[in-house]
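Coordinates as given in structure20.cif (mmCIF, C-alpha atoms):
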data_query
loop_
_atom_site.label_atom_id
_atom_site.label_comp_id
_atom_site.auth_asym_id
_atom_site.auth_seq_id
_atom_site.Cartn_x
_atom_site.Cartn_y
_atom_site.Cartn_z
CA MET A 1 0.00 0.00 0.00
CA PRO A 2 1.52 3.36 -1.01
CA PRO A 3 1.83 6.05 1.69
CA ARG A 4 -1.05 8.51 1.99
CA SER A 5 -0.23 11.73 0.19
CA SER A 6 -2.40 13.88 2.48
CA PRO A 7 -3.17 12.24 5.84
CA THR A 8 -5.94 13.89 7.83
CA VAL A 9 -5.23 15.68 11.09
CA ARG A 10 -6.77 12.73 12.94
CA GLN A 11 -4.52 10.23 11.12
CA GLN A 12 -1.51 12.42 11.89
CA ARG A 13 -2.57 12.58 15.53
CA LEU A 14 -2.65 8.80 15.85
CA GLY A 15 0.87 8.62 14.45
CA ALA A 16 2.07 11.45 16.69
CA GLU A 17 0.74 9.70 19.80
CA LEU A 18 2.55 6.51 18.81
CA ARG A 19 5.72 8.54 18.40
CA LYS A 20 5.27 10.02 21.89
CA LEU A 21 4.94 6.53 23.35
CA ARG A 22 8.09 5.37 21.56
CA GLU A 23 10.12 8.40 22.56
CA ALA A 24 8.98 8.06 26.18
CA SER A 25 10.32 4.49 26.14
CA GLY A 26 13.65 5.59 24.72
CA MET A 27 13.40 3.08 21.87
CA PRO A 28 14.97 4.17 18.53
CA ALA A 29 12.73 4.09 15.45
CA ARG A 30 15.07 1.55 13.85
CA GLU A 31 14.55 -0.91 16.70
CA ALA A 32 10.78 -0.38 16.77
CA GLY A 33 10.61 -1.04 13.02
CA ALA A 34 12.57 -4.27 13.43
CA LEU A 35 10.19 -5.47 16.12
CA LEU A 36 7.34 -5.08 13.61
CA GLY A 37 9.33 -6.95 10.99
CA GLY A 38 10.18 -3.80 9.07
CA ASN A 39 12.63 -0.94 9.33
CA GLN A 40 12.97 2.69 10.41
CA ALA A 41 11.12 3.92 7.32
CA GLN A 42 8.06 1.89 8.28
CA ILE A 43 7.92 3.50 11.73
CA SER A 44 8.43 6.93 10.13
CA HIS A 45 5.43 6.37 7.84
CA LEU A 46 3.28 5.16 10.76
CA GLU A 47 4.23 8.06 13.01
CA SER A 48 3.53 10.65 10.31
CA GLY A 49 0.09 9.20 9.55
CA ARG A 50 1.11 8.30 6.00
CA TRP A 51 0.46 4.60 6.67
CA GLY A 52 -2.51 3.10 8.43
CA ILE A 53 -2.07 0.69 11.32
CA SER A 54 -4.24 -2.03 12.84
CA ALA A 55 -5.37 -2.09 16.45
CA GLU A 56 -3.37 -5.29 16.92
CA ARG A 57 -0.18 -3.52 15.86
CA VAL A 58 -0.96 -0.55 18.09
CA ARG A 59 -1.13 -2.95 21.04
CA ARG A 60 2.10 -4.63 19.97
CA LEU A 61 3.87 -1.29 19.83
CA ALA A 62 2.40 -0.25 23.18
CA SER A 63 3.73 -3.48 24.65
CA PHE A 64 7.19 -2.88 23.11
CA TYR A 65 7.15 0.60 24.62
CA SER A 66 5.93 -0.59 28.05
CA ALA A 67 3.04 1.90 27.79
CA GLY A 68 1.03 1.50 30.98
CA ASP A 69 -1.90 3.84 30.24
CA SER A 70 -4.51 1.30 29.15
CA ALA A 71 -7.21 3.95 28.55
CA LEU A 72 -4.95 5.81 26.12
CA VAL A 73 -3.92 2.60 24.35
CA ASP A 74 -7.59 1.56 24.00
CA ALA A 75 -8.45 4.98 22.54
CA LEU A 76 -5.58 4.73 20.04
CA CYS A 77 -6.80 1.27 19.04
CA ASP A 78 -10.26 2.68 18.41
CA MET A 79 -8.73 5.37 16.19
CA ALA A 80 -6.76 2.72 14.29
CA GLU A 81 -9.90 0.66 13.68
CA GLU A 82 -11.86 3.51 12.08
CA ARG A 83 -12.62 2.52 8.53
CA HIS A 84 -15.80 4.41 7.69
CA LYS A 85 -15.68 7.66 5.78
CA GLY A 86 -17.67 10.53 7.23
CA TRP A 87 -19.95 12.79 5.23
CA TRP A 88 -17.18 15.42 5.06
CA GLU A 89 -15.22 13.15 2.70
CA GLU A 90 -17.68 14.13 -0.04
CA TYR A 91 -15.87 17.48 -0.11
CA ARG A 92 -12.37 16.08 -0.57
CA GLY A 93 -10.79 17.74 -3.59
CA ILE A 94 -13.47 20.44 -3.50
CA LEU A 95 -12.65 22.26 -0.25
CA PRO A 96 -9.34 22.82 1.54
CA GLN A 97 -8.35 19.95 3.83
CA GLY A 98 -8.84 22.09 6.94
CA PHE A 99 -12.61 22.20 6.41
CA LEU A 100 -12.73 18.39 6.46
CA ASP A 101 -10.48 18.19 9.50
CA VAL A 102 -12.69 20.53 11.56
CA ALA A 103 -15.82 18.51 10.74
CA GLU A 104 -14.03 15.27 11.66
CA LEU A 105 -12.76 16.81 14.90
CA GLU A 106 -16.28 17.83 15.92
CA HIS A 107 -17.66 14.44 14.93
CA HIS A 108 -15.35 12.56 17.30
CA ALA A 109 -15.38 15.04 20.19
CA ARG A 110 -16.80 14.00 23.55
CA ARG A 111 -17.42 17.67 24.44
CA ILE A 112 -16.85 20.89 22.51
CA LEU A 113 -15.88 24.25 24.00
CA SER A 114 -15.84 27.37 21.86
CA LEU A 115 -14.74 30.98 22.18
CA GLN A 116 -15.68 33.43 19.41
CA SER A 117 -14.57 37.05 19.18
CA LEU A 118 -15.98 38.44 15.93
CA THR A 119 -18.30 35.82 14.44
CA ILE A 120 -20.99 33.37 15.49
CA PRO A 121 -19.63 29.81 15.91
CA GLY A 122 -19.40 28.27 12.46
CA ILE A 123 -21.50 25.25 13.37
CA PHE A 124 -24.43 27.55 14.23
CA GLN A 125 -24.21 29.97 11.30
CA THR A 126 -27.16 30.42 8.95
CA ALA A 127 -26.59 29.98 5.23
CA ASP A 128 -26.88 33.72 4.49
CA TYR A 129 -24.52 34.62 7.33
CA ALA A 130 -21.96 32.01 6.26
CA ARG A 131 -22.20 33.15 2.65
CA THR A 132 -21.39 36.70 3.76
CA ILE A 133 -18.37 35.48 5.75
CA PHE A 134 -16.99 33.38 2.92
CA GLY A 135 -17.94 36.03 0.39
CA GLY A 136 -15.40 38.37 1.99
CA ALA A 137 -12.47 36.10 1.12
CA LEU A 138 -9.54 37.69 -0.69
CA PRO A 139 -9.07 36.91 -3.48
CA PRO A 140 -12.77 36.18 -4.11
CA LEU A 141 -13.74 32.50 -4.19
CA PRO A 142 -15.13 30.84 -7.32
CA GLN A 143 -18.91 30.52 -7.05
CA THR A 144 -18.76 26.71 -6.91
CA GLU A 145 -16.37 26.74 -3.95
CA LEU A 146 -18.35 29.45 -2.19
CA ASP A 147 -21.50 27.33 -2.50
CA ALA A 148 -19.64 24.22 -1.30
CA ARG A 149 -18.23 26.03 1.74
CA VAL A 150 -21.67 27.24 2.78
CA GLU A 151 -23.22 23.80 2.26
CA GLN A 152 -20.48 22.05 4.21
CA ARG A 153 -20.72 24.52 7.08
CA ILE A 154 -24.47 23.95 7.40
CA ARG A 155 -24.01 20.17 7.31
CA ARG A 156 -21.71 20.34 10.33
CA ARG A 157 -24.87 21.03 12.33
CA THR A 158 -26.06 17.43 11.76
CA LEU A 159 -23.85 16.60 14.74
CA PHE A 160 -26.79 17.63 16.92
CA ASP A 161 -29.18 15.23 15.19
CA ARG A 162 -27.68 12.32 17.10
CA ALA A 163 -29.61 10.69 19.91
CA THR A 164 -26.87 11.87 22.30
CA PRO A 165 -24.91 14.74 20.72
CA PRO A 166 -21.76 15.97 22.43
CA PRO A 167 -22.29 18.85 24.87
CA PHE A 168 -21.39 22.20 23.28
CA GLU A 169 -20.43 25.13 25.50
CA GLY A 170 -19.91 28.36 23.58
CA VAL A 171 -18.74 31.79 24.74
CA ILE A 172 -19.40 34.59 22.24
CA ASN A 173 -18.05 38.12 22.58
CA GLU A 174 -20.77 40.75 22.45
CA ALA A 175 -18.91 42.32 19.52
CA ALA A 176 -19.72 39.25 17.38
CA LEU A 177 -23.41 39.69 18.15
CA ARG A 178 -23.43 43.34 17.09
CA MET A 179 -21.64 42.83 13.77
CA ARG A 180 -24.14 43.31 10.92
CA TYR A 181 -22.55 40.94 8.43
CA GLY A 182 -24.79 40.75 5.38
CA GLY A 183 -27.01 43.61 6.54
CA ARG A 184 -29.60 44.03 9.27
CA ALA A 185 -31.97 41.30 8.05
CA VAL A 186 -29.24 38.67 7.78
CA ALA A 187 -27.75 39.62 11.15
CA ARG A 188 -31.17 39.60 12.84
CA ARG A 189 -32.04 36.17 11.48
CA GLN A 190 -28.66 34.88 12.64
CA LEU A 191 -29.31 36.08 16.18
CA GLU A 192 -32.81 34.58 16.12
CA HIS A 193 -31.31 31.27 15.06
CA LEU A 194 -28.73 31.50 17.83
CA LEU A 195 -31.56 31.93 20.33
CA GLU A 196 -33.17 28.78 18.96
CA VAL A 197 -29.86 26.92 19.25
CA ALA A 198 -29.46 28.07 22.85
CA GLU A 199 -32.62 26.11 23.71
CA TRP A 200 -31.17 22.81 22.46
CA PRO A 201 -30.56 20.45 25.41
CA SER A 202 -26.89 19.85 24.60
CA VAL A 203 -25.99 23.49 23.90
CA THR A 204 -24.97 26.22 26.35
CA ILE A 205 -24.39 29.75 25.03
CA GLN A 206 -22.87 32.52 27.13
CA VAL A 207 -22.04 36.09 26.11
CA LEU A 208 -18.85 37.88 27.09
CA PRO A 209 -20.27 41.40 27.50
CA PHE A 210 -18.65 44.74 26.73
CA SER A 211 -19.02 45.53 30.42
CA THR A 212 -16.50 42.91 31.50
CA GLU A 213 -13.43 44.31 33.20
CA GLU A 214 -11.40 41.14 32.79
CA PHE A 215 -9.10 40.40 29.86
CA ILE A 216 -9.26 36.68 29.26
CA GLY A 217 -5.89 36.25 27.57
CA SER A 218 -6.88 35.50 23.98
CA ALA A 219 -8.62 37.42 21.21
CA GLN A 220 -8.52 34.38 18.90
CA SER A 221 -11.41 32.15 17.98
CA VAL A 222 -10.86 28.87 19.82
CA LEU A 223 -12.45 25.44 19.41
CA TYR A 224 -11.51 22.94 22.12
CA ALA A 225 -12.52 19.35 21.36
CA GLU A 226 -12.28 16.86 24.21
CA GLY A 227 -11.17 13.40 23.23
CA PRO A 228 -11.97 10.03 24.84
CA VAL A 229 -9.00 10.60 27.17
CA PRO A 230 -7.44 13.97 28.11
CA GLN A 231 -4.25 13.21 26.16
CA LEU A 232 -6.31 13.24 22.94
CA ASP A 233 -7.88 16.66 23.43
CA THR A 234 -7.33 19.06 20.52
CA VAL A 235 -7.40 22.85 20.12
CA GLN A 236 -8.32 24.36 16.75
CA LEU A 237 -7.50 27.99 16.03
CA ASP A 238 -8.64 30.05 13.04
CA SER A 239 -6.22 32.09 10.96
CA ALA A 240 -6.08 33.81 7.60
CA TYR A 241 -4.35 30.70 6.25
CA GLY A 242 -6.88 28.17 7.48
CA PRO A 243 -7.39 26.24 10.72
CA GLY A 244 -4.46 25.28 12.91
CA PHE A 245 -4.44 22.36 15.34
CA LEU A 246 -2.63 22.10 18.68
CA ASP A 247 -2.22 19.07 20.93
CA ALA A 248 0.84 19.60 23.15
CA GLU A 249 -0.11 19.42 26.83
CA ALA A 250 1.26 22.91 27.53
CA GLN A 251 -0.94 24.31 24.74
CA LEU A 252 -4.00 22.39 25.88
CA SER A 253 -3.48 23.60 29.45
CA LYS A 254 -3.21 27.21 28.28
CA TYR A 255 -6.46 27.12 26.33
CA ARG A 256 -8.32 25.28 29.08
CA ALA A 257 -7.39 28.22 31.31
CA VAL A 258 -8.45 30.74 28.65
CA LEU A 259 -11.84 29.08 28.22
CA LYS A 260 -12.35 28.83 31.97
CA ALA A 261 -11.61 32.54 32.34
CA ALA A 262 -13.97 33.38 29.47
CA LYS A 263 -16.83 31.46 31.08
CA ARG A 264 -16.15 33.12 34.44
CA ALA A 265 -16.29 36.60 32.87
CA SER A 266 -19.44 35.86 30.85
CA LEU A 267 -23.11 36.37 31.59
CA SER A 268 -25.19 33.41 32.72
CA PRO A 269 -26.94 31.46 29.94
CA ALA A 270 -30.29 33.08 30.82
CA ALA A 271 -28.86 36.61 30.92
CA SER A 272 -26.99 35.88 27.69
CA GLN A 273 -30.22 34.95 25.91
CA GLU A 274 -31.81 38.17 27.16
CA LEU A 275 -28.93 40.21 25.73
CA ILE A 276 -29.02 38.38 22.40
CA HIS A 277 -32.77 38.99 22.18
CA SER A 278 -32.26 42.68 22.97
CA ILE A 279 -29.57 43.09 20.30
CA ALA A 280 -31.74 41.28 17.74
CA LYS A 281 -34.59 43.74 18.40
CA GLU A 282 -32.21 46.62 17.68
CA MET A 283 -31.31 45.24 14.24
#

Starting from the coordinates I provided, produce the structure as structure tokens.
Amino acid sequence: MPPRSSPTVRQQRLGAELRKLREASGMPAREAGALLGGNQAQISHLESGRWGISAERVRRLASFYSAGDSALVDALCDMAEERHKGWWEEYRGILPQGFLDVAELEHHARRILSLQSLTIPGIFQTADYARTIFGGALPPLPQTELDARVEQRIRRRTLFDRATPPPFEGVINEAALRMRYGGRAVARRQLEHLLEVAEWPSVTIQVLPFSTEEFIGSAQSVLYAEGPVPQLDTVQLDSAYGPGFLDAEAQLSKYRAVLKAAKRASLSPAASQELIHSIAKEM
């Protein structure tokens, strides 16, 4: 089987976690490859996500590395056994890889935490609002890609159609609520939809008001996806060049603190809904 030319972020993460286990054991890649009946190149391909790996081989490697965290090893085995292709794969070759990676990250998350400074969380955006956001891209997007981006963004919401969707806790800066992207009618409908979303059982929305006197330490948009074990948590940050993904423990710890501070400085869910309703009436 030839190496994957473009492994997903999730496939790369599995390989990176295997590398961490090997490095913690002090075992050279050459020796680990030999234990699998291969060589250093084989381990390099596995640890970069360019080659797939079976759950049985994950357990063999974990045994070689004397990895004692059974919960982590079980979670890595589950990742290795994933063979189905999610709905986001329909957009491969149509949209940038980052769009697919974000949808896959949300799909596998046990809980999602979000902090938004200037826009409504992507997963809750209306079609007209999303079209305005993507329509501001420079250089302008081809119409077919613009349409595909809007469609894919709306489909991310199917996450909440599950019998037990992951809990979603979002903090939104008041500035994002007052932006009139697309005009008053589009902005008003977006806020009305956000109020509907806030009533969903698995969703909690809080507003970080202008009146806060606390700086929370980050002006970035942050998506924190909790994995099956804490070591597999992931932070996704937006940038002008597409989404970035972080998984080092120091980075995860930093953004857990940022999100905790944001929630502490925010209005209660009930007061947040009142403010959103008030802003919508002003539109």

> Any chance you could work out the residue set of the PyMOL selection byres ((chain A and resi 83) around 12) here, as a VMD selection string?
Replying inline: chain A and resid 11 52 to 55 78 to 82 84 to 86

How big is the axis-aligned box, and where does its centre sit, when it encloses all atoms of stretch 166-180 of chain A listed in the file and has 8 Å added on every side, reported in Å to one decimal as AutoDock Vina command-line options?
--center_x -21.1 --center_y 29.7 --center_z 18.2 --size_x 22.1 --size_y 43.4 --size_z 30.6

>> Within 10 Å of (-29.3, 33.4, 13.2) (file coordinates; all atoms listed in the file), which protein or nucleic acid residues are there? I'd like them as a ChimeraX atom specification.
In response: /A:120,124-129,177,185-197,280

Using the selection just defined, write its residues with C-alpha atoms as a PDB file, in the frame of the given file.
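What follows is the written file part_1.pdb:
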ATOM      1  CA  ILE A 120     -20.990  33.370  15.490  1.00  0.00           C
ATOM      2  CA  PHE A 124     -24.430  27.550  14.230  1.00  0.00           C
ATOM      3  CA  GLN A 125     -24.210  29.970  11.300  1.00  0.00           C
ATOM      4  CA  THR A 126     -27.160  30.420   8.950  1.00  0.00           C
ATOM      5  CA  ALA A 127     -26.590  29.980   5.230  1.00  0.00           C
ATOM      6  CA  ASP A 128     -26.880  33.720   4.490  1.00  0.00           C
ATOM      7  CA  TYR A 129     -24.520  34.620   7.330  1.00  0.00           C
ATOM      8  CA  LEU A 177     -23.410  39.690  18.150  1.00  0.00           C
ATOM      9  CA  ALA A 185     -31.970  41.300   8.050  1.00  0.00           C
ATOM     10  CA  VAL A 186     -29.240  38.670   7.780  1.00  0.00           C
ATOM     11  CA  ALA A 187     -27.750  39.620  11.150  1.00  0.00           C
ATOM     12  CA  ARG A 188     -31.170  39.600  12.840  1.00  0.00           C
ATOM     13  CA  ARG A 189     -32.040  36.170  11.480  1.00  0.00           C
ATOM     14  CA  GLN A 190     -28.660  34.880  12.640  1.00  0.00           C
ATOM     15  CA  LEU A 191     -29.310  36.080  16.180  1.00  0.00           C
ATOM     16  CA  GLU A 192     -32.810  34.580  16.120  1.00  0.00           C
ATOM     17  CA  HIS A 193     -31.310  31.270  15.060  1.00  0.00           C
ATOM     18  CA  LEU A 194     -28.730  31.500  17.830  1.00  0.00           C
ATOM     19  CA  LEU A 195     -31.560  31.930  20.330  1.00  0.00           C
ATOM     20  CA  GLU A 196     -33.170  28.780  18.960  1.00  0.00           C
ATOM     21  CA  VAL A 197     -29.860  26.920  19.250  1.00  0.00           C
ATOM     22  CA  ALA A 280     -31.740  41.280  17.740  1.00  0.00           C
TER      23      ALA A 280
END

Evaluate the PyMOL selection byres ((chain A and resi 18) around 12) and report residues as a PDB file with C-alpha atoms, keeping the file's coordinate frame:
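What landed in result_0.pdb:
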ATOM      1  CA  GLN A  11      -4.520  10.230  11.120  1.00  0.00           C
ATOM      2  CA  GLN A  12      -1.510  12.420  11.890  1.00  0.00           C
ATOM      3  CA  ARG A  13      -2.570  12.580  15.530  1.00  0.00           C
ATOM      4  CA  LEU A  14      -2.650   8.800  15.850  1.00  0.00           C
ATOM      5  CA  GLY A  15       0.870   8.620  14.450  1.00  0.00           C
ATOM      6  CA  ALA A  16       2.070  11.450  16.690  1.00  0.00           C
ATOM      7  CA  GLU A  17       0.740   9.700  19.800  1.00  0.00           C
ATOM      8  CA  ARG A  19       5.720   8.540  18.400  1.00  0.00           C
ATOM      9  CA  LYS A  20       5.270  10.020  21.890  1.00  0.00           C
ATOM     10  CA  LEU A  21       4.940   6.530  23.350  1.00  0.00           C
ATOM     11  CA  ARG A  22       8.090   5.370  21.560  1.00  0.00           C
ATOM     12  CA  GLU A  23      10.120   8.400  22.560  1.00  0.00           C
ATOM     13  CA  ALA A  24       8.980   8.060  26.180  1.00  0.00           C
ATOM     14  CA  SER A  25      10.320   4.490  26.140  1.00  0.00           C
ATOM     15  CA  MET A  27      13.400   3.080  21.870  1.00  0.00           C
ATOM     16  CA  ALA A  29      12.730   4.090  15.450  1.00  0.00           C
ATOM     17  CA  ALA A  32      10.780  -0.380  16.770  1.00  0.00           C
ATOM     18  CA  ILE A  43       7.920   3.500  11.730  1.00  0.00           C
ATOM     19  CA  SER A  44       8.430   6.930  10.130  1.00  0.00           C
ATOM     20  CA  HIS A  45       5.430   6.370   7.840  1.00  0.00           C
ATOM     21  CA  LEU A  46       3.280   5.160  10.760  1.00  0.00           C
ATOM     22  CA  GLU A  47       4.230   8.060  13.010  1.00  0.00           C
ATOM     23  CA  SER A  48       3.530  10.650  10.310  1.00  0.00           C
ATOM     24  CA  GLY A  49       0.090   9.200   9.550  1.00  0.00           C
ATOM     25  CA  ILE A  53      -2.070   0.690  11.320  1.00  0.00           C
ATOM     26  CA  ALA A  55      -5.370  -2.090  16.450  1.00  0.00           C
ATOM     27  CA  ARG A  57      -0.180  -3.520  15.860  1.00  0.00           C
ATOM     28  CA  VAL A  58      -0.960  -0.550  18.090  1.00  0.00           C
ATOM     29  CA  ARG A  59      -1.130  -2.950  21.040  1.00  0.00           C
ATOM     30  CA  ARG A  60       2.100  -4.630  19.970  1.00  0.00           C
ATOM     31  CA  LEU A  61       3.870  -1.290  19.830  1.00  0.00           C
ATOM     32  CA  ALA A  62       2.400  -0.250  23.180  1.00  0.00           C
ATOM     33  CA  SER A  63       3.730  -3.480  24.650  1.00  0.00           C
ATOM     34  CA  PHE A  64       7.190  -2.880  23.110  1.00  0.00           C
ATOM     35  CA  TYR A  65       7.150   0.600  24.620  1.00  0.00           C
ATOM     36  CA  ALA A  67       3.040   1.900  27.790  1.00  0.00           C
ATOM     37  CA  LEU A  72      -4.950   5.810  26.120  1.00  0.00           C
ATOM     38  CA  VAL A  73      -3.920   2.600  24.350  1.00  0.00           C
ATOM     39  CA  ALA A  75      -8.450   4.980  22.540  1.00  0.00           C
ATOM     40  CA  LEU A  76      -5.580   4.730  20.040  1.00  0.00           C
ATOM     41  CA  CYS A  77      -6.800   1.270  19.040  1.00  0.00           C
ATOM     42  CA  MET A  79      -8.730   5.370  16.190  1.00  0.00           C
ATOM     43  CA  ALA A  80      -6.760   2.720  14.290  1.00  0.00           C
ATOM     44  CA  LEU A 232      -6.310  13.240  22.940  1.00  0.00           C
TER      45      LEU A 232
END

>> If I take atom CA of A:Phe168 and atom CA of A:Ala130, how far is one from the other in Å, to one decimal?
In response: 19.7 Å

>> Just to confirm, what's the straight-line distance from atom CA of A:Gln231 to atom CA of A:Leu252 in Å (one decimal)?
In response: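 Computing it gives 9.2 Å between the two atoms.
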
> Pick the closest to A:Ser211 from A:Leu259, A:Ala198, A:Ala248, A:Leu267: which is it, counting all atoms listed in the file?
Replying inline: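 Closest to A:Ser211 of all the choices is A:Leu267.
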
> Any chance you could work out the residue set of the PyMOL selection byres ((chain A and resi 155) around 12) here, as a PyMOL selection string?
Replying inline: chain A and resi 86-88+90-91+99-100+103-104+106-107+122-127+148-154+156-161

> Quick one: residues within 9 Å of A:Phe245, all atoms listed in the file counted, chain neighbours fewer than 3 positions away excluded, as JSON, numbers by chain?
Replying inline: {"A": [9, 234, 235, 236, 237]}

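Closest approach to A:Leu275 among A:Glu174, A:Asp247, A:Asp147, A:Glu199: A:Glu174, based on only C-alpha atoms.
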